[in-house]
$ cat protein.txt   # compact mmCIF, C-alpha atoms
# COMPACT_ATOMS: atom_id res chain seq x y z
CA MET A 1 0.00 0.00 0.00
CA ALA A 2 1.16 3.49 -0.86
CA LYS A 3 1.07 4.65 2.76
CA HIS A 4 3.90 2.25 3.69
CA ASP A 5 5.94 3.10 0.59
CA PRO A 6 9.38 4.31 1.77
CA ASN A 7 9.73 6.22 -1.52
CA LEU A 8 6.70 8.27 -0.58
CA SER A 9 8.47 9.35 2.63
CA LEU A 10 11.57 10.33 0.63
CA LEU A 11 9.42 12.24 -1.86
CA PHE A 12 7.53 14.22 0.80
CA HIS A 13 10.77 14.90 2.69
CA ALA A 14 12.44 16.18 -0.51
CA LEU A 15 9.56 18.58 -1.13
CA ALA A 16 9.45 19.91 2.45
CA ASP A 17 12.11 22.52 1.63
CA PRO A 18 11.42 25.73 -0.37
CA THR A 19 14.88 25.74 -2.02
CA ARG A 20 14.36 22.20 -3.31
CA ARG A 21 10.87 23.09 -4.56
CA SER A 22 12.21 26.14 -6.42
CA ILE A 23 14.97 24.01 -8.03
CA LEU A 24 12.30 21.56 -9.26
CA THR A 25 10.18 24.38 -10.68
CA ARG A 26 13.26 25.67 -12.55
CA LEU A 27 14.04 22.16 -13.87
CA ALA A 28 10.47 21.74 -15.11
CA GLU A 29 11.40 24.41 -17.71
CA THR A 30 14.63 22.83 -19.02
CA PRO A 31 17.52 20.71 -17.70
CA ALA A 32 20.27 22.91 -16.20
CA PRO A 33 23.87 22.68 -14.96
CA VAL A 34 24.42 22.76 -11.19
CA THR A 35 26.08 26.22 -11.24
CA GLU A 36 23.04 27.71 -13.00
CA LEU A 37 20.70 26.15 -10.43
CA ALA A 38 22.82 27.49 -7.57
CA GLY A 39 22.68 31.14 -8.79
CA PRO A 40 19.13 32.16 -7.81
CA THR A 41 19.26 30.31 -4.47
CA GLY A 42 22.03 32.57 -3.10
CA LEU A 43 23.47 29.46 -1.40
CA ARG A 44 27.01 28.09 -1.54
CA LEU A 45 27.65 25.31 -4.05
CA PRO A 46 28.16 22.48 -1.45
CA THR A 47 24.78 23.37 0.12
CA VAL A 48 23.09 23.28 -3.27
CA MET A 49 24.79 19.95 -4.02
CA ARG A 50 23.30 18.51 -0.81
CA HIS A 51 19.82 19.67 -1.85
CA LEU A 52 20.36 18.08 -5.27
CA SER A 53 21.38 14.79 -3.61
CA VAL A 54 18.12 14.74 -1.63
CA LEU A 55 16.14 15.36 -4.84
CA GLU A 56 18.08 12.62 -6.67
CA GLU A 57 17.62 10.07 -3.84
CA ALA A 58 13.87 10.74 -3.93
CA GLY A 59 13.92 10.03 -7.68
CA LEU A 60 12.75 13.56 -8.50
CA ILE A 61 15.76 14.45 -10.65
CA THR A 62 18.50 12.67 -12.61
CA THR A 63 22.01 14.03 -13.07
CA SER A 64 24.64 13.38 -15.75
CA LYS A 65 28.24 14.52 -16.06
CA ASP A 66 29.90 15.70 -19.26
CA GLY A 67 33.52 16.63 -18.56
CA ARG A 68 33.42 18.98 -15.57
CA ILE A 69 29.80 19.97 -16.04
CA ARG A 70 27.05 18.16 -14.12
CA THR A 71 23.60 18.69 -15.59
CA CYS A 72 20.34 18.04 -13.71
CA ALA A 73 17.01 17.10 -15.28
CA LEU A 74 13.55 16.62 -13.83
CA ALA A 75 12.19 13.06 -13.68
CA PRO A 76 8.67 14.03 -14.78
CA LYS A 77 6.83 10.92 -13.54
CA ALA A 78 8.31 11.16 -10.06
CA LEU A 79 5.46 13.20 -8.61
CA GLU A 80 2.85 10.61 -9.63
CA PRO A 81 2.98 8.39 -6.46
CA MET A 82 2.32 11.49 -4.37
CA ARG A 83 -0.58 12.59 -6.51
CA THR A 84 -2.01 9.07 -6.31
CA TRP A 85 -1.72 9.15 -2.51
CA ILE A 86 -3.53 12.52 -2.29
CA ASP A 87 -6.28 11.25 -4.61
CA GLU A 88 -6.66 8.08 -2.48
CA GLN A 89 -7.13 10.20 0.66
CA ARG A 90 -9.70 12.34 -1.13
CA ALA A 91 -11.58 9.21 -2.30
CA ILE A 92 -11.79 7.84 1.27
CA TRP A 93 -13.01 11.23 2.46
CA GLU A 94 -15.63 11.62 -0.29
CA ASN A 95 -16.85 8.07 0.33
CA ARG A 96 -17.36 9.09 3.98
CA LEU A 97 -19.36 12.17 2.94
CA ASP A 98 -21.50 10.00 0.60
CA ARG A 99 -22.25 7.61 3.48
CA LEU A 100 -23.15 10.59 5.68
CA ASP A 101 -25.49 11.87 2.93
CA ALA A 102 -27.15 8.46 2.65
CA PHE A 103 -27.57 8.32 6.44
CA VAL A 104 -29.20 11.77 6.56
CA MET A 105 -31.51 10.94 3.60
CA ASP A 106 -32.62 7.71 5.32
CA ARG A 107 -33.42 9.61 8.53
CA MET A 108 -35.39 12.21 6.54
CA LYS A 109 -37.41 9.48 4.80
CA GLU A 110 -38.11 7.84 8.16
CA GLY A 111 -39.34 11.24 9.42
CA GLU A 112 -41.76 11.54 6.46
CA GLN A 113 -43.37 8.16 7.12
CA MET B 1 3.67 32.03 -4.90
CA ALA B 2 2.94 28.55 -3.64
CA LYS B 3 6.56 27.47 -3.78
CA HIS B 4 7.52 29.99 -1.07
CA ASP B 5 4.53 29.12 1.09
CA PRO B 6 5.82 28.08 4.55
CA ASN B 7 2.61 26.06 5.05
CA LEU B 8 3.54 23.95 2.07
CA SER B 9 6.84 23.04 3.79
CA LEU B 10 4.95 22.12 6.98
CA LEU B 11 2.49 20.03 4.95
CA PHE B 12 5.17 18.08 3.07
CA HIS B 13 7.16 17.60 6.29
CA ALA B 14 4.07 16.26 8.09
CA LEU B 15 3.45 13.73 5.30
CA ALA B 16 7.08 12.54 5.14
CA ASP B 17 6.41 10.00 7.92
CA PRO B 18 4.52 6.70 7.41
CA THR B 19 2.95 6.77 10.91
CA ARG B 20 1.54 10.24 10.29
CA ARG B 21 0.23 9.17 6.88
CA SER B 22 -1.48 6.10 8.37
CA ILE B 23 -3.10 8.28 11.08
CA LEU B 24 -4.49 10.58 8.36
CA THR B 25 -5.85 7.63 6.39
CA ARG B 26 -7.59 6.39 9.57
CA LEU B 27 -9.03 9.88 10.25
CA ALA B 28 -10.38 10.12 6.70
CA GLU B 29 -12.84 7.39 7.78
CA THR B 30 -14.13 9.05 10.97
CA PRO B 31 -12.83 11.32 13.77
CA ALA B 32 -11.18 9.30 16.56
CA PRO B 33 -9.87 9.69 20.11
CA VAL B 34 -6.08 9.78 20.57
CA THR B 35 -5.96 6.40 22.34
CA GLU B 36 -7.74 4.71 19.43
CA LEU B 37 -5.29 6.27 16.96
CA ALA B 38 -2.33 5.12 19.05
CA GLY B 39 -3.40 1.45 19.08
CA PRO B 40 -2.47 0.31 15.55
CA THR B 41 0.80 2.28 15.52
CA GLY B 42 2.31 0.18 18.34
CA LEU B 43 3.94 3.39 19.62
CA ARG B 44 3.85 4.90 23.10
CA LEU B 45 1.24 7.61 23.70
CA PRO B 46 3.75 10.54 24.04
CA THR B 47 5.25 9.58 20.65
CA VAL B 48 1.82 9.48 19.04
CA MET B 49 1.00 12.86 20.64
CA ARG B 50 4.12 14.35 19.01
CA HIS B 51 3.03 13.01 15.60
CA LEU B 52 -0.43 14.50 16.17
CA SER B 53 1.14 17.89 17.04
CA VAL B 54 3.03 17.88 13.72
CA LEU B 55 -0.21 17.08 11.85
CA GLU B 56 -2.09 19.80 13.73
CA GLU B 57 0.62 22.44 13.10
CA ALA B 58 0.48 21.63 9.39
CA GLY B 59 -3.29 22.21 9.49
CA LEU B 60 -4.02 18.61 8.49
CA ILE B 61 -6.06 17.76 11.59
CA THR B 62 -8.00 19.56 14.29
CA THR B 63 -8.33 18.33 17.88
CA SER B 64 -10.97 18.99 20.54
CA LYS B 65 -11.15 17.97 24.19
CA ASP B 66 -14.24 16.74 26.00
CA GLY B 67 -13.42 15.99 29.63
CA ARG B 68 -10.35 13.74 29.53
CA ILE B 69 -10.88 12.59 25.96
CA ARG B 70 -9.10 14.37 23.10
CA THR B 71 -10.65 13.65 19.71
CA CYS B 72 -8.87 14.23 16.37
CA ALA B 73 -10.54 15.00 13.05
CA LEU B 74 -9.20 15.40 9.54
CA ALA B 75 -9.21 18.91 8.05
CA PRO B 76 -10.37 17.77 4.59
CA LYS B 77 -9.30 20.84 2.60
CA ALA B 78 -5.76 20.78 4.01
CA LEU B 79 -4.32 18.66 1.20
CA GLU B 80 -5.50 21.11 -1.49
CA PRO B 81 -2.41 23.46 -1.52
CA MET B 82 -0.22 20.42 -2.11
CA ARG B 83 -2.39 19.12 -4.92
CA THR B 84 -2.35 22.60 -6.49
CA TRP B 85 1.44 22.68 -6.29
CA ILE B 86 1.77 19.25 -7.98
CA ASP B 87 -0.67 20.34 -10.71
CA GLU B 88 1.33 23.56 -11.27
CA GLN B 89 4.55 21.55 -11.73
CA ARG B 90 2.79 19.25 -14.19
CA ALA B 91 1.44 22.27 -16.14
CA ILE B 92 4.96 23.76 -16.49
CA TRP B 93 6.27 20.37 -17.60
CA GLU B 94 3.47 19.78 -20.15
CA ASN B 95 3.93 23.30 -21.52
CA ARG B 96 7.59 22.44 -22.04
CA LEU B 97 6.65 19.24 -23.96
CA ASP B 98 4.20 21.27 -26.11
CA ARG B 99 6.97 23.75 -26.99
CA LEU B 100 9.28 20.85 -27.86
CA ASP B 101 6.55 19.38 -30.11
CA ALA B 102 6.10 22.74 -31.87
CA PHE B 103 9.88 23.04 -32.34
CA VAL B 104 10.12 19.55 -33.90
CA MET B 105 7.10 20.22 -36.18
CA ASP B 106 8.68 23.49 -37.38
CA ARG B 107 11.94 21.72 -38.21
CA MET B 108 10.03 19.00 -40.07
CA LYS B 109 8.15 21.63 -42.14
CA GLU B 110 11.45 23.39 -42.94
CA GLY B 111 12.83 20.05 -44.11
CA GLU B 112 9.86 19.57 -46.48
CA GLN B 113 10.40 22.94 -48.21

$ encode --input "protein.txt" --output "structure tokens"
Amino acid sequence: MAKHDPNLSLLFHALADPTRRSILTRLAETPAPVTELAGPTGLRLPTVMRHLSVLEEAGLITTSKDGRIRTCALAPKALEPMRTWIDEQRAIWENRLDRLDAFVMDRMKEGEQ
Amino acid sequence: MAKHDPNLSLLFHALADPTRRSILTRLAETPAPVTELAGPTGLRLPTVMRHLSVLEEAGLITTSKDGRIRTCALAPKALEPMRTWIDEQRAIWENRLDRLDAFVMDRMKEGEQ
């Protein structure tokens, strides 16, 4: 079940940081080298590298090295398990509201008789 | 913008733990007292209380006390900012794929001339 999926914990943890979320939003546009990603964050390169490691471990990005340049790219399907989880929660919740509706309608019908 | 929203960081952090996710799934069914929530986790009550605090701070649950019994309930709209954020990322990504399509089509037309 998704709720026991360790990858889901890694995914949510990776997204719990605003710098990591802004890097992902930038990578949704185009792949980019690490130095370009570091620029707008105002952080030192080793700090940015640590954020990138967390994103890579969660499967949210892939990286490749060409000479001295490391380029990062978004893994576009990586957000899907999280979306599925949210939709599952919503389905349970809506099912509960439907049952509540049915219960209220039954009581109203009983009142009419 | 959603990506700088501190609540979004709290939300993702709260969901990065399997115990907290399983508590939410349970609460999507019906509200429940703390002791009932603690049971299936196999954790001590103070530990469960800390998990519940994290969920409450993130706005995912509300709690109310009646005598000595504290009852927890899901805040059903709380997952919406996260869903919106995921949908925004997907929109940026799909827009990028559309632009790539248009670019390839243009090159193909140029090749035909």

$ calpha_fit_and_write --input "protein.txt" --fixed "chain A" --moving "chain B" --output "tab-separated table (two decimals) with C-alpha atoms, keeping the file's coordinate frame"
chain	number	residue	atom	x	y	z
B	1	MET	CA	0.00	0.01	-0.02
B	2	ALA	CA	1.13	3.50	-0.91
B	3	LYS	CA	1.03	4.72	2.67
B	4	HIS	CA	3.84	2.33	3.66
B	5	ASP	CA	5.91	3.15	0.59
B	6	PRO	CA	9.35	4.36	1.76
B	7	ASN	CA	9.71	6.27	-1.53
B	8	LEU	CA	6.68	8.31	-0.61
B	9	SER	CA	8.44	9.41	2.61
B	10	LEU	CA	11.56	10.36	0.61
B	11	LEU	CA	9.40	12.28	-1.88
B	12	PHE	CA	7.51	14.27	0.77
B	13	HIS	CA	10.76	14.94	2.67
B	14	ALA	CA	12.44	16.22	-0.51
B	15	LEU	CA	9.55	18.63	-1.17
B	16	ALA	CA	9.43	19.95	2.42
B	17	ASP	CA	12.10	22.55	1.59
B	18	PRO	CA	11.44	25.76	-0.41
B	19	THR	CA	14.91	25.75	-2.06
B	20	ARG	CA	14.38	22.21	-3.32
B	21	ARG	CA	10.90	23.11	-4.59
B	22	SER	CA	12.25	26.16	-6.45
B	23	ILE	CA	15.00	24.01	-8.05
B	24	LEU	CA	12.33	21.57	-9.29
B	25	THR	CA	10.23	24.39	-10.71
B	26	ARG	CA	13.33	25.67	-12.57
B	27	LEU	CA	14.10	22.16	-13.89
B	28	ALA	CA	10.53	21.74	-15.15
B	29	GLU	CA	11.46	24.41	-17.74
B	30	THR	CA	14.68	22.81	-19.03
B	31	PRO	CA	17.59	20.69	-17.71
B	32	ALA	CA	20.34	22.87	-16.20
B	33	PRO	CA	23.93	22.65	-14.96
B	34	VAL	CA	24.47	22.72	-11.18
B	35	THR	CA	26.12	26.16	-11.23
B	36	GLU	CA	23.12	27.68	-13.01
B	37	LEU	CA	20.76	26.13	-10.44
B	38	ALA	CA	22.87	27.47	-7.58
B	39	GLY	CA	22.75	31.09	-8.79
B	40	PRO	CA	19.20	32.15	-7.82
B	41	THR	CA	19.31	30.30	-4.48
B	42	GLY	CA	22.09	32.56	-3.11
B	43	LEU	CA	23.51	29.46	-1.39
B	44	ARG	CA	27.04	28.06	-1.50
B	45	LEU	CA	27.68	25.28	-4.02
B	46	PRO	CA	28.17	22.46	-1.41
B	47	THR	CA	24.78	23.36	0.13
B	48	VAL	CA	23.10	23.27	-3.27
B	49	MET	CA	24.80	19.92	-3.99
B	50	ARG	CA	23.29	18.50	-0.78
B	51	HIS	CA	19.81	19.68	-1.85
B	52	LEU	CA	20.36	18.08	-5.26
B	53	SER	CA	21.38	14.78	-3.58
B	54	VAL	CA	18.10	14.75	-1.62
B	55	LEU	CA	16.14	15.36	-4.84
B	56	GLU	CA	18.07	12.64	-6.66
B	57	GLU	CA	17.59	10.08	-3.84
B	58	ALA	CA	13.85	10.76	-3.93
B	59	GLY	CA	13.89	10.04	-7.67
B	60	LEU	CA	12.75	13.57	-8.52
B	61	ILE	CA	15.78	14.45	-10.66
B	62	THR	CA	18.49	12.67	-12.59
B	63	THR	CA	22.03	14.00	-13.04
B	64	SER	CA	24.66	13.33	-15.72
B	65	LYS	CA	28.26	14.47	-16.02
B	66	ASP	CA	29.96	15.64	-19.19
B	67	GLY	CA	33.58	16.54	-18.48
B	68	ARG	CA	33.47	18.90	-15.50
B	69	ILE	CA	29.85	19.91	-15.99
B	70	ARG	CA	27.09	18.11	-14.08
B	71	THR	CA	23.65	18.65	-15.58
B	72	CYS	CA	20.37	18.03	-13.70
B	73	ALA	CA	17.04	17.08	-15.27
B	74	LEU	CA	13.58	16.61	-13.84
B	75	ALA	CA	12.21	13.06	-13.68
B	76	PRO	CA	8.69	14.03	-14.80
B	77	LYS	CA	6.83	10.94	-13.57
B	78	ALA	CA	8.31	11.18	-10.07
B	79	LEU	CA	5.46	13.26	-8.65
B	80	GLU	CA	2.84	10.68	-9.67
B	81	PRO	CA	2.95	8.45	-6.50
B	82	MET	CA	2.30	11.55	-4.41
B	83	ARG	CA	-0.59	12.67	-6.56
B	84	THR	CA	-2.04	9.14	-6.36
B	85	TRP	CA	-1.76	9.22	-2.57
B	86	ILE	CA	-3.56	12.60	-2.33
B	87	ASP	CA	-6.30	11.32	-4.67
B	88	GLU	CA	-6.71	8.16	-2.54
B	89	GLN	CA	-7.17	10.28	0.62
B	90	ARG	CA	-9.74	12.43	-1.17
B	91	ALA	CA	-11.61	9.29	-2.36
B	92	ILE	CA	-11.84	7.93	1.22
B	93	TRP	CA	-13.04	11.33	2.42
B	94	GLU	CA	-15.66	11.72	-0.34
B	95	ASN	CA	-16.90	8.18	0.28
B	96	ARG	CA	-17.37	9.16	3.92
B	97	LEU	CA	-19.42	12.25	2.90
B	98	ASP	CA	-21.55	10.06	0.58
B	99	ARG	CA	-22.29	7.66	3.46
B	100	LEU	CA	-23.21	10.61	5.68
B	101	ASP	CA	-25.56	11.90	2.95
B	102	ALA	CA	-27.22	8.47	2.67
B	103	PHE	CA	-27.59	8.30	6.46
B	104	VAL	CA	-29.27	11.74	6.61
B	105	MET	CA	-31.59	10.88	3.67
B	106	ASP	CA	-32.64	7.63	5.40
B	107	ARG	CA	-33.46	9.50	8.60
B	108	MET	CA	-35.46	12.08	6.64
B	109	LYS	CA	-37.47	9.31	4.90
B	110	GLU	CA	-38.14	7.65	8.29
B	111	GLY	CA	-39.40	11.00	9.56
B	112	GLU	CA	-41.84	11.28	6.63
B	113	GLN	CA	-43.44	7.88	7.34

$ interface_residues --input "protein.txt" --of "chain B" --to "chain A" --cutoff "8 Å" --atoms "all atoms listed in the file" --output "PyMOL selection string"
chain B and resi 3-6+8-13+15-18+21-22+25+28-30+76+79+83+86+89-90+92-93+96

$ residues_near_point --input "protein.txt" --point "(2.8, 20.7, 12.7)" --cutoff "10 Å" --atoms "all atoms listed in the file" --output "NGL selection string"
:B and (7 or 10-11 or 13-14 or 50-61)

$ axis_aligned_box --input "protein.txt" --around "stretch 44-52 of chain B" --padding-each-side "4 Å" --output "lines of an AutoDock Vina configuration file"
center_x = 2.4
center_y = 9.7
center_z = 19.8
size_x = 13.7
size_y = 17.6
size_z = 16.4

$ atom_distance --input "protein.txt" --atom1 "atom CA of B:Pro33" --atom2 "atom CA of B:Arg68"
10.3 Å

$ closest_residue --input "protein.txt" --among "A:Leu43, A:Ala38, A:Ala75, A:Phe103" --to "A:Thr63" --atoms "all atoms listed in the file"
A:Ala75

$ atom_distance --input "protein.txt" --atom1 "atom CA of B:Arg44" --atom2 "atom CA of B:Ile23"
14.3 Å

$ atom_distance --input "protein.txt" --atom1 "atom CA of A:Thr71" --atom2 "atom CA of B:Val104"
22.8 Å

$ build_atoms --input "protein.txt" --residues "stretch 47-62 of chain B" --atoms "N, CA and C atoms" --output "PDB file, in the coordinates of the input"
ATOM      1  N   THR B  47       4.742   9.550  22.031  1.00  0.00           N
ATOM      2  CA  THR B  47       5.250   9.580  20.650  1.00  0.00           C
ATOM      3  C   THR B  47       4.125   9.887  19.681  1.00  0.00           C
ATOM      4  N   VAL B  48       2.982   9.239  19.904  1.00  0.00           N
ATOM      5  CA  VAL B  48       1.820   9.480  19.040  1.00  0.00           C
ATOM      6  C   VAL B  48       1.366  10.938  19.174  1.00  0.00           C
ATOM      7  N   MET B  49       1.402  11.464  20.412  1.00  0.00           N
ATOM      8  CA  MET B  49       1.000  12.860  20.640  1.00  0.00           C
ATOM      9  C   MET B  49       1.897  13.814  19.850  1.00  0.00           C
ATOM     10  N   ARG B  50       3.205  13.482  19.781  1.00  0.00           N
ATOM     11  CA  ARG B  50       4.120  14.350  19.010  1.00  0.00           C
ATOM     12  C   ARG B  50       3.753  14.305  17.526  1.00  0.00           C
ATOM     13  N   HIS B  51       3.451  13.106  17.012  1.00  0.00           N
ATOM     14  CA  HIS B  51       3.030  13.010  15.600  1.00  0.00           C
ATOM     15  C   HIS B  51       1.754  13.830  15.366  1.00  0.00           C
ATOM     16  N   LEU B  52       0.823  13.761  16.327  1.00  0.00           N
ATOM     17  CA  LEU B  52      -0.430  14.500  16.170  1.00  0.00           C
ATOM     18  C   LEU B  52      -0.186  16.011  16.187  1.00  0.00           C
ATOM     19  N   SER B  53       0.783  16.464  17.015  1.00  0.00           N
ATOM     20  CA  SER B  53       1.140  17.890  17.040  1.00  0.00           C
ATOM     21  C   SER B  53       1.630  18.356  15.678  1.00  0.00           C
ATOM     22  N   VAL B  54       2.480  17.524  15.042  1.00  0.00           N
ATOM     23  CA  VAL B  54       3.030  17.880  13.720  1.00  0.00           C
ATOM     24  C   VAL B  54       1.881  17.995  12.708  1.00  0.00           C
ATOM     25  N   LEU B  55       0.941  17.046  12.771  1.00  0.00           N
ATOM     26  CA  LEU B  55      -0.210  17.080  11.850  1.00  0.00           C
ATOM     27  C   LEU B  55      -1.088  18.299  12.107  1.00  0.00           C
ATOM     28  N   GLU B  56      -1.237  18.651  13.395  1.00  0.00           N
ATOM     29  CA  GLU B  56      -2.090  19.800  13.730  1.00  0.00           C
ATOM     30  C   GLU B  56      -1.424  21.113  13.300  1.00  0.00           C
ATOM     31  N   GLU B  57      -0.109  21.221  13.520  1.00  0.00           N
ATOM     32  CA  GLU B  57       0.620  22.440  13.100  1.00  0.00           C
ATOM     33  C   GLU B  57       0.544  22.642  11.594  1.00  0.00           C
ATOM     34  N   ALA B  58       0.545  21.547  10.858  1.00  0.00           N
ATOM     35  CA  ALA B  58       0.480  21.630   9.390  1.00  0.00           C
ATOM     36  C   ALA B  58      -0.947  21.907   8.915  1.00  0.00           C
ATOM     37  N   GLY B  59      -1.894  21.943   9.862  1.00  0.00           N
ATOM     38  CA  GLY B  59      -3.290  22.210   9.490  1.00  0.00           C
ATOM     39  C   GLY B  59      -4.006  21.003   8.920  1.00  0.00           C
ATOM     40  N   LEU B  60      -3.410  19.810   9.079  1.00  0.00           N
ATOM     41  CA  LEU B  60      -4.020  18.610   8.490  1.00  0.00           C
ATOM     42  C   LEU B  60      -5.111  18.016   9.371  1.00  0.00           C
ATOM     43  N   ILE B  61      -5.007  18.251  10.683  1.00  0.00           N
ATOM     44  CA  ILE B  61      -6.060  17.760  11.590  1.00  0.00           C
ATOM     45  C   ILE B  61      -6.440  18.863  12.573  1.00  0.00           C
ATOM     46  N   THR B  62      -7.613  18.706  13.175  1.00  0.00           N
ATOM     47  CA  THR B  62      -8.000  19.560  14.290  1.00  0.00           C
ATOM     48  C   THR B  62      -8.238  18.627  15.480  1.00  0.00           C
TER      49      THR B  62
END
